[in-house]
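Below: coords29.txt (compact mmCIF, C-alpha atoms)
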```
# COMPACT_ATOMS: atom_id res chain seq x y z
CA MET N 1 -29.69 -86.86 27.03
CA ILE N 2 -27.15 -84.08 26.50
CA LYS N 3 -24.93 -84.51 23.44
CA VAL N 4 -23.71 -80.93 22.80
CA VAL N 5 -22.39 -78.15 25.04
CA CYS N 6 -22.06 -74.69 23.48
CA PHE N 7 -20.32 -71.68 24.96
CA ASP N 8 -20.43 -67.96 24.44
CA PHE N 9 -16.99 -66.43 23.84
CA PHE N 10 -16.67 -62.88 25.20
CA ASN N 11 -16.80 -62.72 29.01
CA THR N 12 -17.54 -66.45 29.14
CA LEU N 13 -14.38 -68.05 27.79
CA ALA N 14 -12.25 -64.93 27.34
CA PHE N 15 -12.04 -61.26 28.25
CA PHE N 16 -10.32 -58.13 26.93
CA ASP N 17 -6.98 -57.08 28.36
CA PRO N 18 -6.68 -54.27 29.21
CA PRO N 19 -10.38 -53.75 29.97
CA ARG N 20 -11.81 -51.47 27.31
CA GLU N 21 -13.84 -49.40 29.78
CA ASP N 22 -10.68 -48.55 31.73
CA VAL N 23 -8.74 -47.57 28.62
CA TYR N 24 -11.49 -45.45 27.09
CA ALA N 25 -12.27 -43.70 30.38
CA SER N 26 -8.62 -42.90 31.06
CA ILE N 27 -7.97 -41.53 27.57
CA ALA N 28 -11.22 -39.57 27.57
CA ARG N 29 -10.28 -37.85 30.83
CA GLU N 30 -6.85 -36.99 29.41
CA MET N 31 -8.65 -35.29 26.52
CA GLY N 32 -11.03 -33.32 28.72
CA VAL N 33 -14.07 -35.60 28.49
CA ASN N 34 -15.66 -36.33 31.86
CA VAL N 35 -16.84 -39.97 31.82
CA ASP N 36 -16.33 -42.88 34.19
CA ARG N 37 -15.57 -46.52 33.44
CA GLU N 38 -19.00 -47.72 34.60
CA SER N 39 -20.75 -45.41 32.14
CA ILE N 40 -18.58 -46.69 29.31
CA ALA N 41 -19.07 -50.31 30.35
CA SER N 42 -22.84 -49.86 30.16
CA ALA N 43 -22.58 -48.17 26.73
CA LEU N 44 -20.21 -50.66 25.06
CA PRO N 45 -22.81 -53.36 24.22
CA ASP N 46 -24.86 -50.88 22.18
CA ALA N 47 -21.74 -49.53 20.46
CA ASP N 48 -20.54 -53.03 19.64
CA ASN N 49 -23.96 -53.94 18.29
CA TYR N 50 -23.85 -50.89 16.00
CA TRP N 51 -20.35 -51.86 14.82
CA ARG N 52 -21.39 -55.41 13.98
CA LYS N 53 -24.50 -54.30 12.09
CA GLU N 54 -22.48 -51.84 10.04
CA ASN N 55 -19.97 -54.55 9.19
CA PHE N 56 -22.85 -56.81 8.10
CA LYS N 57 -23.76 -54.14 5.53
CA SER N 58 -20.18 -53.73 4.30
CA PRO N 59 -16.79 -54.08 6.03
CA ILE N 60 -16.07 -50.71 7.64
CA ARG N 61 -12.31 -50.93 7.14
CA GLN N 62 -12.82 -51.36 3.38
CA ARG N 63 -15.08 -48.34 2.94
CA GLU N 64 -14.12 -45.04 1.41
CA GLU N 65 -12.46 -42.70 3.89
CA LYS N 66 -15.48 -40.43 4.46
CA ASP N 67 -17.84 -43.34 5.19
CA LYS N 68 -15.24 -45.04 7.33
CA ILE N 69 -14.72 -41.93 9.48
CA SER N 70 -18.49 -41.49 9.88
CA ALA N 71 -18.78 -45.05 11.20
CA TYR N 72 -15.91 -44.52 13.64
CA ILE N 73 -17.46 -41.29 14.91
CA GLU N 74 -20.82 -42.96 15.45
CA TYR N 75 -19.18 -45.92 17.21
CA GLY N 76 -17.14 -43.67 19.52
CA THR N 77 -20.09 -41.39 20.19
CA ARG N 78 -22.09 -44.38 21.37
CA ILE N 79 -19.25 -45.46 23.67
CA LEU N 80 -19.15 -41.96 25.18
CA LYS N 81 -22.91 -41.32 25.18
CA ASN N 82 -23.03 -41.14 28.99
CA ALA N 83 -20.24 -38.57 29.28
CA LYS N 84 -20.98 -35.66 31.60
CA THR N 85 -19.46 -33.18 29.17
CA PRO N 86 -20.18 -32.62 25.45
CA VAL N 87 -17.97 -34.62 23.11
CA THR N 88 -16.95 -33.35 19.67
CA PRO N 89 -16.45 -35.66 16.67
CA GLN N 90 -12.74 -34.81 16.68
CA GLN N 91 -12.44 -35.80 20.33
CA VAL N 92 -14.18 -39.06 19.52
CA LEU N 93 -11.68 -39.82 16.76
CA ASN N 94 -8.72 -38.85 18.95
CA ILE N 95 -9.91 -41.08 21.80
CA LEU N 96 -10.49 -44.05 19.50
CA GLY N 97 -7.17 -43.51 17.74
CA LYS N 98 -5.20 -43.57 20.97
CA ALA N 99 -7.15 -46.55 22.33
CA PHE N 100 -6.60 -48.55 19.14
CA SER N 101 -2.89 -47.72 19.23
CA ILE N 102 -2.71 -49.28 22.70
CA GLY N 103 -4.59 -52.31 21.43
CA PHE N 104 -6.73 -54.92 23.13
CA ARG N 105 -6.14 -58.64 23.28
CA PHE N 106 -8.22 -61.53 24.50
CA ILE N 107 -7.15 -63.43 27.62
CA SER N 108 -8.58 -66.81 28.56
CA PHE N 109 -10.38 -67.16 31.89
CA GLU N 110 -8.59 -69.70 34.08
CA ASP N 111 -11.60 -72.02 34.00
CA ALA N 112 -12.15 -71.91 30.22
CA LEU N 113 -9.73 -74.56 28.95
CA PRO N 114 -10.44 -76.95 31.85
CA ALA N 115 -14.17 -76.68 31.06
CA LEU N 116 -13.65 -77.39 27.36
CA LYS N 117 -11.41 -80.35 28.18
CA LYS N 118 -13.95 -81.67 30.67
CA VAL N 119 -16.72 -81.61 28.06
CA LYS N 120 -14.57 -83.39 25.48
CA ALA N 121 -13.57 -86.01 28.07
CA LYS N 122 -17.28 -86.87 28.32
CA ASN N 123 -17.30 -87.52 24.54
CA LEU N 124 -19.69 -84.65 23.99
CA LYS N 125 -19.59 -82.19 21.11
CA THR N 126 -18.49 -78.65 21.93
CA GLY N 127 -19.43 -75.50 20.09
CA LEU N 128 -19.03 -71.75 20.19
CA ILE N 129 -21.93 -69.33 19.59
CA SER N 130 -20.71 -65.76 19.62
CA ASN N 131 -21.45 -62.22 18.54
CA VAL N 132 -17.69 -61.71 18.14
CA GLY N 133 -16.81 -61.13 14.50
CA GLN N 134 -14.86 -62.74 11.73
CA ASP N 135 -11.56 -63.12 13.62
CA ILE N 136 -12.93 -65.79 15.95
CA ASP N 137 -10.80 -68.57 14.44
CA SER N 138 -7.55 -66.74 15.14
CA TYR N 139 -8.67 -65.85 18.68
CA CYS N 140 -9.50 -69.48 19.43
CA ASP N 141 -6.20 -70.65 17.95
CA GLU N 142 -4.21 -68.17 20.04
CA LEU N 143 -6.02 -69.09 23.26
CA GLY N 144 -5.75 -72.84 22.71
CA PHE N 145 -9.51 -73.38 22.38
CA SER N 146 -9.59 -74.69 18.81
CA PRO N 147 -8.57 -78.34 19.48
CA PHE N 148 -11.52 -78.66 21.86
CA LEU N 149 -14.19 -77.09 19.65
CA ASP N 150 -16.13 -79.08 17.08
CA PHE N 151 -17.76 -76.03 15.49
CA LYS N 152 -18.15 -72.27 15.76
CA VAL N 153 -21.04 -69.98 14.82
CA THR N 154 -20.71 -66.19 14.81
CA SER N 155 -23.10 -63.34 14.16
CA PHE N 156 -20.80 -62.22 11.33
CA GLU N 157 -21.34 -65.58 9.63
CA VAL N 158 -25.11 -65.60 10.11
CA GLY N 159 -25.87 -61.90 9.74
CA TYR N 160 -27.79 -61.77 13.01
CA ASP N 161 -26.73 -61.17 16.60
CA LYS N 162 -27.87 -63.20 19.56
CA PRO N 163 -30.63 -63.48 20.71
CA SER N 164 -31.93 -63.92 17.14
CA PRO N 165 -32.90 -67.57 16.58
CA GLU N 166 -30.90 -67.87 13.34
CA ILE N 167 -27.53 -67.99 15.11
CA PHE N 168 -28.68 -70.77 17.47
CA GLU N 169 -30.40 -72.68 14.70
CA LEU N 170 -27.20 -72.78 12.65
CA ALA N 171 -25.35 -74.13 15.70
CA LEU N 172 -27.88 -76.95 16.00
CA LYS N 173 -27.47 -77.69 12.31
CA LYS N 174 -23.68 -77.85 12.60
CA ALA N 175 -23.92 -79.99 15.72
CA LYS N 176 -26.50 -82.29 14.08
CA ALA N 177 -28.37 -82.21 17.36
CA ALA N 178 -31.85 -81.50 18.66
CA PRO N 179 -32.42 -78.51 20.97
CA SER N 180 -33.28 -80.91 23.82
CA GLU N 181 -29.81 -82.45 23.45
CA THR N 182 -28.00 -79.13 23.70
CA ILE N 183 -26.80 -76.83 26.50
CA PHE N 184 -25.70 -73.24 25.99
CA ILE N 185 -23.61 -71.36 28.58
CA GLY N 186 -23.28 -67.58 28.39
CA ASP N 187 -22.93 -64.52 30.60
CA GLN N 188 -25.74 -62.35 29.22
CA TYR N 189 -29.35 -63.07 30.18
CA GLU N 190 -31.06 -61.28 27.27
CA GLN N 191 -28.66 -62.46 24.57
CA ASP N 192 -27.73 -65.91 25.80
CA VAL N 193 -30.50 -67.27 28.01
CA VAL N 194 -33.43 -65.75 26.13
CA GLY N 195 -31.89 -66.58 22.76
CA ALA N 196 -31.10 -70.20 23.57
CA ARG N 197 -34.45 -70.80 25.25
CA GLY N 198 -36.21 -69.32 22.22
CA VAL N 199 -35.17 -72.29 20.08
CA GLY N 200 -35.50 -74.89 22.85
CA ILE N 201 -31.86 -75.11 23.93
CA PHE N 202 -31.25 -75.51 27.67
CA PRO N 203 -29.65 -72.25 28.91
CA VAL N 204 -27.16 -71.82 31.76
CA LEU N 205 -26.23 -68.31 32.91
CA LEU N 206 -22.61 -67.71 33.90
CA ASP N 207 -22.58 -64.97 36.55
CA ARG N 208 -18.96 -64.43 37.54
CA ASN N 209 -19.78 -61.33 39.60
CA ASN N 210 -22.76 -62.77 41.46
CA SER N 211 -24.96 -59.97 40.11
CA SER N 212 -28.03 -61.94 39.02
CA ILE N 213 -31.22 -61.71 41.05
CA ASN N 214 -34.14 -64.13 40.75
CA ARG N 215 -33.18 -65.41 37.31
CA ASP N 216 -35.51 -68.06 35.91
CA CYS N 217 -32.69 -70.32 34.75
CA PRO N 218 -29.76 -72.25 36.24
CA VAL N 219 -26.94 -69.92 37.31
CA ILE N 220 -23.27 -70.78 37.88
CA ARG N 221 -20.42 -68.63 39.17
CA THR N 222 -17.62 -70.45 37.35
CA LEU N 223 -17.24 -72.86 34.46
CA HIS N 224 -15.87 -75.41 36.92
CA GLU N 225 -19.52 -75.97 37.85
CA ILE N 226 -20.59 -77.36 34.48
CA ASP N 227 -20.21 -80.93 35.77
CA LYS N 228 -23.70 -80.77 37.24
CA PHE N 229 -25.22 -80.38 33.75
CA LEU N 230 -23.22 -83.04 31.88
```
Could you render the structure as structure tokens?
Amino acid sequence: MIKVVCFDFFNTLAFFDPPREDVYASIAREMGVNVDRESIASALPDADNYWRKENFKSPIRQREEKDKISAYIEYGTRILKNAKTPVTPQQVLNILGKAFSIGFRFISFEDALPALKKVKAKNLKTGLISNVGQDIDSYCDELGFSPFLDFKVTSFEVGYDKPSPEIFELALKKAKAAPSETIFIGDQYEQDVVGARGVGIFPVLLDRNNSSINRDCPVIRTLHEIDKFL
């Protein structure tokens, strides 16, 4: 019997506006770096993973200037690793600086709040399991998610990214539930499905773009479809 439904955050409940790949690609081209949005989109997960791991060691923004700049250069270099032209460290810093000045904000998918409300209406616990960092509380407050979430677990809190079992195990502990009583919905097969299944949680893959082929798990196109699992 299902007692808990957990959600991923990024690209499951919310997305960046404007899309980071569009912003980085546009600025890079302005600065003479030949790279397309698809190449940046494919590089961003690795860059974000690097950024989180560095912040686990010590908060980047609190480091001495030299160490801080080195981390920014490495992060930007990873974002631009598929560029068709060489990229200098100064170009990397200029591109990041302009992108950060534009800023990115999270926008809720239209099906996110209805899905959270639907789960709560069933008197089930709801949770968030995310690799997004320490600002998750403010994001959830701004998007109106917080009243419908019983707990949140982030990689920043645990010190491990999904699919590591530790992040899922802490969610089970906070939910006071067994894996067999828990569903996890996320958009990434390797991080979300493999990670949840690794500790016995029932995984559901959210594939908004209908890009999955022969996945060995339940797949939905929208969060409106979660009824079938409750």
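Across N:Arg197, N:Ala112, N:Ile107, N:Ile167, the tightest approach to Pro179 in chain N is made by N:Arg197 when counting only C-alpha atoms.
The gap separating CA of Ile102 in chain N from CA of Ser70 in chain N is 21.8 Å, in Å to one decimal.
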In terms of the shortest atom-to-atom distance over only C-alpha atoms, which of N:Tyr160, N:Asp192, N:Phe7, N:Glu38 is closest to Lys57 in chain N?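 Nearest to Lys57 in chain N: N:Tyr160.
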Long-range neighbours of Asp137 in chain N as a list in words, 10 Å cut-off, only C-alpha atoms, 5 positions minimum in chain: Glu142, Phe145, Ser146 and Lys152 of chain N
Which residue is closest to Lys3 in chain N? Choose from N:Thr182, N:Val193, N:Lys228, N:Gln91 and count all atoms listed in the file.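 Closest residue, counting all atoms listed in the file: N:Thr182.
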For Ser211 in chain N, which residue out of N:Gln188, N:Thr126, N:Thr85, N:Ser39 is the nearest one, using only C-alpha atoms?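 Distance minimum relative to Ser211 in chain N lands on N:Gln188.
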Identify which of the residues N:Ser101, N:Ser164, N:Ser180, N:Ser155 lies closest to Trp51 in chain N, counting all atoms listed in the file when measuring atom-to-atom distances.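 Looking at the shortest contact to Trp51 in chain N, the residue is N:Ser155.
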Which residues, written as a CSV table (one decimal) with C-alpha atoms, keeping the file's coordinate frame, have at least one atom at most 9 Å from range 113-116 of chain N, with all atoms listed in the file counted and residues fewer than 5 positions away on the same chain left out?
```
chain,number,residue,atom,x,y,z
N,13,LEU,CA,-14.4,-68.0,27.8
N,108,SER,CA,-8.6,-66.8,28.6
N,121,ALA,CA,-13.6,-86.0,28.1
N,126,THR,CA,-18.5,-78.6,21.9
N,143,LEU,CA,-6.0,-69.1,23.3
N,144,GLY,CA,-5.8,-72.8,22.7
N,145,PHE,CA,-9.5,-73.4,22.4
N,148,PHE,CA,-11.5,-78.7,21.9
N,149,LEU,CA,-14.2,-77.1,19.6
N,223,LEU,CA,-17.2,-72.9,34.5
N,224,HIS,CA,-15.9,-75.4,36.9
N,225,GLU,CA,-19.5,-76.0,37.8
N,226,ILE,CA,-20.6,-77.4,34.5
N,227,ASP,CA,-20.2,-80.9,35.8
```
Counting all atoms listed in the file, which residue out of N:Glu169, N:Phe104, N:Thr88, N:Glu181 sits closest to Val199 in chain N? N:Glu169
Mind giving me the straight-line distance from CA of Val35 in chain N to CA of Pro86 in chain N in Å, one decimal?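 According to the coordinates, CA of Val35 in chain N and CA of Pro86 in chain N are separated by 10.3 Å.
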Excluding range 44-49 of chain N and residues on its chain fewer than 5 positions from it, collect all residues at most 6 Å away from it, counting only C-alpha atoms, and give them as a PDB file with C-alpha atoms, keeping the file's coordinate frame.
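Below you can see result-v2.pdb, which holds the result:
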```
ATOM      1  CA  TYR N  75     -19.180 -45.920  17.210  1.00  0.00           C
ATOM      2  CA  ARG N  78     -22.090 -44.380  21.370  1.00  0.00           C
ATOM      3  CA  ILE N  79     -19.250 -45.460  23.670  1.00  0.00           C
TER       4      ILE N  79
END
```
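CA of Asp8 in chain N is found 13.3 Å from CA of Tyr139 in chain N.
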Could you list as a list of chain:residue names every residue that has an atom within 9 Å of (-13.0, -50.9, 28.1), using the file's coordinates and counting only C-alpha atoms? N:Phe16, N:Asp17, N:Pro18, N:Pro19, N:Arg20, N:Glu21, N:Asp22, N:Val23, N:Tyr24, N:Ala25, N:Arg37, N:Ile40, N:Ala41, N:Leu44, N:Phe104
Keeping C-alpha atoms for every residue in the selection just given, could you write it to a file as a PDB file, keeping the file's coordinate frame?
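result_18.pdb, written as the output of this step:
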```
ATOM      1  CA  PHE N  16     -10.320 -58.130  26.930  1.00  0.00           C
ATOM      2  CA  ASP N  17      -6.980 -57.080  28.360  1.00  0.00           C
ATOM      3  CA  PRO N  18      -6.680 -54.270  29.210  1.00  0.00           C
ATOM      4  CA  PRO N  19     -10.380 -53.750  29.970  1.00  0.00           C
ATOM      5  CA  ARG N  20     -11.810 -51.470  27.310  1.00  0.00           C
ATOM      6  CA  GLU N  21     -13.840 -49.400  29.780  1.00  0.00           C
ATOM      7  CA  ASP N  22     -10.680 -48.550  31.730  1.00  0.00           C
ATOM      8  CA  VAL N  23      -8.740 -47.570  28.620  1.00  0.00           C
ATOM      9  CA  TYR N  24     -11.490 -45.450  27.090  1.00  0.00           C
ATOM     10  CA  ALA N  25     -12.270 -43.700  30.380  1.00  0.00           C
ATOM     11  CA  ARG N  37     -15.570 -46.520  33.440  1.00  0.00           C
ATOM     12  CA  ILE N  40     -18.580 -46.690  29.310  1.00  0.00           C
ATOM     13  CA  ALA N  41     -19.070 -50.310  30.350  1.00  0.00           C
ATOM     14  CA  LEU N  44     -20.210 -50.660  25.060  1.00  0.00           C
ATOM     15  CA  PHE N 104      -6.730 -54.920  23.130  1.00  0.00           C
TER      16      PHE N 104
END
```
Who sits within 6 Å of Ser130 in chain N, only C-alpha atoms, same chain under 2 positions skipped, as a JSON list (two decimals) with C-alpha atoms, keeping the file's coordinate frame:
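Just written: around.json:
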```json
[["chain", "number", "residue", "atom", "x", "y", "z"],
["N", 8, "ASP", "CA", -20.43, -67.96, 24.44],
["N", 9, "PHE", "CA", -16.99, -66.43, 23.84],
["N", 132, "VAL", "CA", -17.69, -61.71, 18.14],
["N", 154, "THR", "CA", -20.71, -66.19, 14.81]]
```
Please work out which residues fall within 12 Å of (-21.2, -54.3, 7.7), coordinates as given in the file, with only C-alpha atoms counting, and return them as a PyMOL selection string. chain N and resi 49-63+67-68+71+133-134+155-157+159-160
Missing atoms in range 65-95 of chain N should be modelled up to N, CA and C atoms and reported as a PDB file, in the frame of the given file.
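out.pdb, freshly written:
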```pdb
ATOM      1  N   GLU N  65     -12.907 -43.372   2.670  1.00  0.00           N
ATOM      2  CA  GLU N  65     -12.460 -42.700   3.890  1.00  0.00           C
ATOM      3  C   GLU N  65     -13.592 -41.942   4.594  1.00  0.00           C
ATOM      4  N   LYS N  66     -14.403 -41.222   3.845  1.00  0.00           N
ATOM      5  CA  LYS N  66     -15.480 -40.430   4.460  1.00  0.00           C
ATOM      6  C   LYS N  66     -16.462 -41.323   5.202  1.00  0.00           C
ATOM      7  N   ASP N  67     -16.880 -42.427   4.568  1.00  0.00           N
ATOM      8  CA  ASP N  67     -17.840 -43.340   5.190  1.00  0.00           C
ATOM      9  C   ASP N  67     -17.200 -44.054   6.383  1.00  0.00           C
ATOM     10  N   LYS N  68     -15.942 -44.375   6.253  1.00  0.00           N
ATOM     11  CA  LYS N  68     -15.240 -45.040   7.330  1.00  0.00           C
ATOM     12  C   LYS N  68     -15.170 -44.141   8.567  1.00  0.00           C
ATOM     13  N   ILE N  69     -14.814 -42.880   8.364  1.00  0.00           N
ATOM     14  CA  ILE N  69     -14.720 -41.930   9.480  1.00  0.00           C
ATOM     15  C   ILE N  69     -16.079 -41.723  10.137  1.00  0.00           C
ATOM     16  N   SER N  70     -17.130 -41.649   9.327  1.00  0.00           N
ATOM     17  CA  SER N  70     -18.490 -41.490   9.880  1.00  0.00           C
ATOM     18  C   SER N  70     -18.847 -42.651  10.788  1.00  0.00           C
ATOM     19  N   ALA N  71     -18.481 -43.868  10.380  1.00  0.00           N
ATOM     20  CA  ALA N  71     -18.780 -45.050  11.200  1.00  0.00           C
ATOM     21  C   ALA N  71     -17.995 -45.018  12.504  1.00  0.00           C
ATOM     22  N   TYR N  72     -16.727 -44.609  12.433  1.00  0.00           N
ATOM     23  CA  TYR N  72     -15.910 -44.520  13.640  1.00  0.00           C
ATOM     24  C   TYR N  72     -16.473 -43.466  14.603  1.00  0.00           C
ATOM     25  N   ILE N  73     -16.898 -42.350  14.055  1.00  0.00           N
ATOM     26  CA  ILE N  73     -17.460 -41.290  14.910  1.00  0.00           C
ATOM     27  C   ILE N  73     -18.728 -41.780  15.600  1.00  0.00           C
ATOM     28  N   GLU N  74     -19.589 -42.453  14.853  1.00  0.00           N
ATOM     29  CA  GLU N  74     -20.820 -42.960  15.450  1.00  0.00           C
ATOM     30  C   GLU N  74     -20.514 -44.008  16.526  1.00  0.00           C
ATOM     31  N   TYR N  75     -19.556 -44.887  16.241  1.00  0.00           N
ATOM     32  CA  TYR N  75     -19.180 -45.920  17.210  1.00  0.00           C
ATOM     33  C   TYR N  75     -18.648 -45.275  18.495  1.00  0.00           C
ATOM     34  N   GLY N  76     -17.718 -44.333  18.346  1.00  0.00           N
ATOM     35  CA  GLY N  76     -17.140 -43.670  19.520  1.00  0.00           C
ATOM     36  C   GLY N  76     -18.158 -42.834  20.274  1.00  0.00           C
ATOM     37  N   THR N  77     -19.053 -42.192  19.543  1.00  0.00           N
ATOM     38  CA  THR N  77     -20.090 -41.390  20.190  1.00  0.00           C
ATOM     39  C   THR N  77     -20.991 -42.262  21.056  1.00  0.00           C
ATOM     40  N   ARG N  78     -21.266 -43.458  20.584  1.00  0.00           N
ATOM     41  CA  ARG N  78     -22.090 -44.380  21.370  1.00  0.00           C
ATOM     42  C   ARG N  78     -21.341 -44.846  22.624  1.00  0.00           C
ATOM     43  N   ILE N  79     -20.050 -45.074  22.498  1.00  0.00           N
ATOM     44  CA  ILE N  79     -19.250 -45.460  23.670  1.00  0.00           C
ATOM     45  C   ILE N  79     -19.288 -44.362  24.725  1.00  0.00           C
ATOM     46  N   LEU N  80     -19.246 -43.107  24.270  1.00  0.00           N
ATOM     47  CA  LEU N  80     -19.150 -41.960  25.180  1.00  0.00           C
ATOM     48  C   LEU N  80     -20.495 -41.278  25.425  1.00  0.00           C
ATOM     49  N   LYS N  81     -21.591 -41.975  25.119  1.00  0.00           N
ATOM     50  CA  LYS N  81     -22.910 -41.320  25.180  1.00  0.00           C
ATOM     51  C   LYS N  81     -23.292 -40.895  26.589  1.00  0.00           C
ATOM     52  N   ASN N  82     -22.697 -41.504  27.612  1.00  0.00           N
ATOM     53  CA  ASN N  82     -23.030 -41.140  28.990  1.00  0.00           C
ATOM     54  C   ASN N  82     -22.043 -40.154  29.604  1.00  0.00           C
ATOM     55  N   ALA N  83     -21.204 -39.555  28.771  1.00  0.00           N
ATOM     56  CA  ALA N  83     -20.240 -38.570  29.280  1.00  0.00           C
ATOM     57  C   ALA N  83     -20.974 -37.373  29.879  1.00  0.00           C
ATOM     58  N   LYS N  84     -20.365 -36.788  30.909  1.00  0.00           N
ATOM     59  CA  LYS N  84     -20.980 -35.660  31.600  1.00  0.00           C
ATOM     60  C   LYS N  84     -20.639 -34.326  30.952  1.00  0.00           C
ATOM     61  N   THR N  85     -19.806 -34.384  29.928  1.00  0.00           N
ATOM     62  CA  THR N  85     -19.460 -33.180  29.170  1.00  0.00           C
ATOM     63  C   THR N  85     -19.686 -33.447  27.689  1.00  0.00           C
ATOM     64  N   PRO N  86     -19.994 -32.417  26.893  1.00  0.00           N
ATOM     65  CA  PRO N  86     -20.180 -32.620  25.450  1.00  0.00           C
ATOM     66  C   PRO N  86     -18.914 -33.162  24.803  1.00  0.00           C
ATOM     67  N   VAL N  87     -19.103 -33.991  23.798  1.00  0.00           N
ATOM     68  CA  VAL N  87     -17.970 -34.620  23.110  1.00  0.00           C
ATOM     69  C   VAL N  87     -18.053 -34.259  21.628  1.00  0.00           C
ATOM     70  N   THR N  88     -16.974 -33.713  21.081  1.00  0.00           N
ATOM     71  CA  THR N  88     -16.950 -33.350  19.670  1.00  0.00           C
ATOM     72  C   THR N  88     -16.526 -34.555  18.826  1.00  0.00           C
ATOM     73  N   PRO N  89     -16.886 -34.564  17.540  1.00  0.00           N
ATOM     74  CA  PRO N  89     -16.450 -35.660  16.670  1.00  0.00           C
ATOM     75  C   PRO N  89     -14.929 -35.823  16.645  1.00  0.00           C
ATOM     76  N   GLN N  90     -14.199 -34.703  16.692  1.00  0.00           N
ATOM     77  CA  GLN N  90     -12.740 -34.810  16.680  1.00  0.00           C
ATOM     78  C   GLN N  90     -12.215 -35.466  17.957  1.00  0.00           C
ATOM     79  N   GLN N  91     -12.826 -35.136  19.076  1.00  0.00           N
ATOM     80  CA  GLN N  91     -12.440 -35.800  20.330  1.00  0.00           C
ATOM     81  C   GLN N  91     -12.707 -37.295  20.257  1.00  0.00           C
ATOM     82  N   VAL N  92     -13.839 -37.642  19.681  1.00  0.00           N
ATOM     83  CA  VAL N  92     -14.180 -39.060  19.520  1.00  0.00           C
ATOM     84  C   VAL N  92     -13.088 -39.774  18.728  1.00  0.00           C
ATOM     85  N   LEU N  93     -12.700 -39.192  17.597  1.00  0.00           N
ATOM     86  CA  LEU N  93     -11.680 -39.820  16.760  1.00  0.00           C
ATOM     87  C   LEU N  93     -10.334 -39.895  17.476  1.00  0.00           C
ATOM     88  N   ASN N  94      -9.992 -38.855  18.227  1.00  0.00           N
ATOM     89  CA  ASN N  94      -8.720 -38.850  18.950  1.00  0.00           C
ATOM     90  C   ASN N  94      -8.698 -39.933  20.034  1.00  0.00           C
ATOM     91  N   ILE N  95      -9.818 -40.069  20.734  1.00  0.00           N
ATOM     92  CA  ILE N  95      -9.910 -41.080  21.800  1.00  0.00           C
ATOM     93  C   ILE N  95      -9.809 -42.482  21.206  1.00  0.00           C
TER      94      ILE N  95
END
```
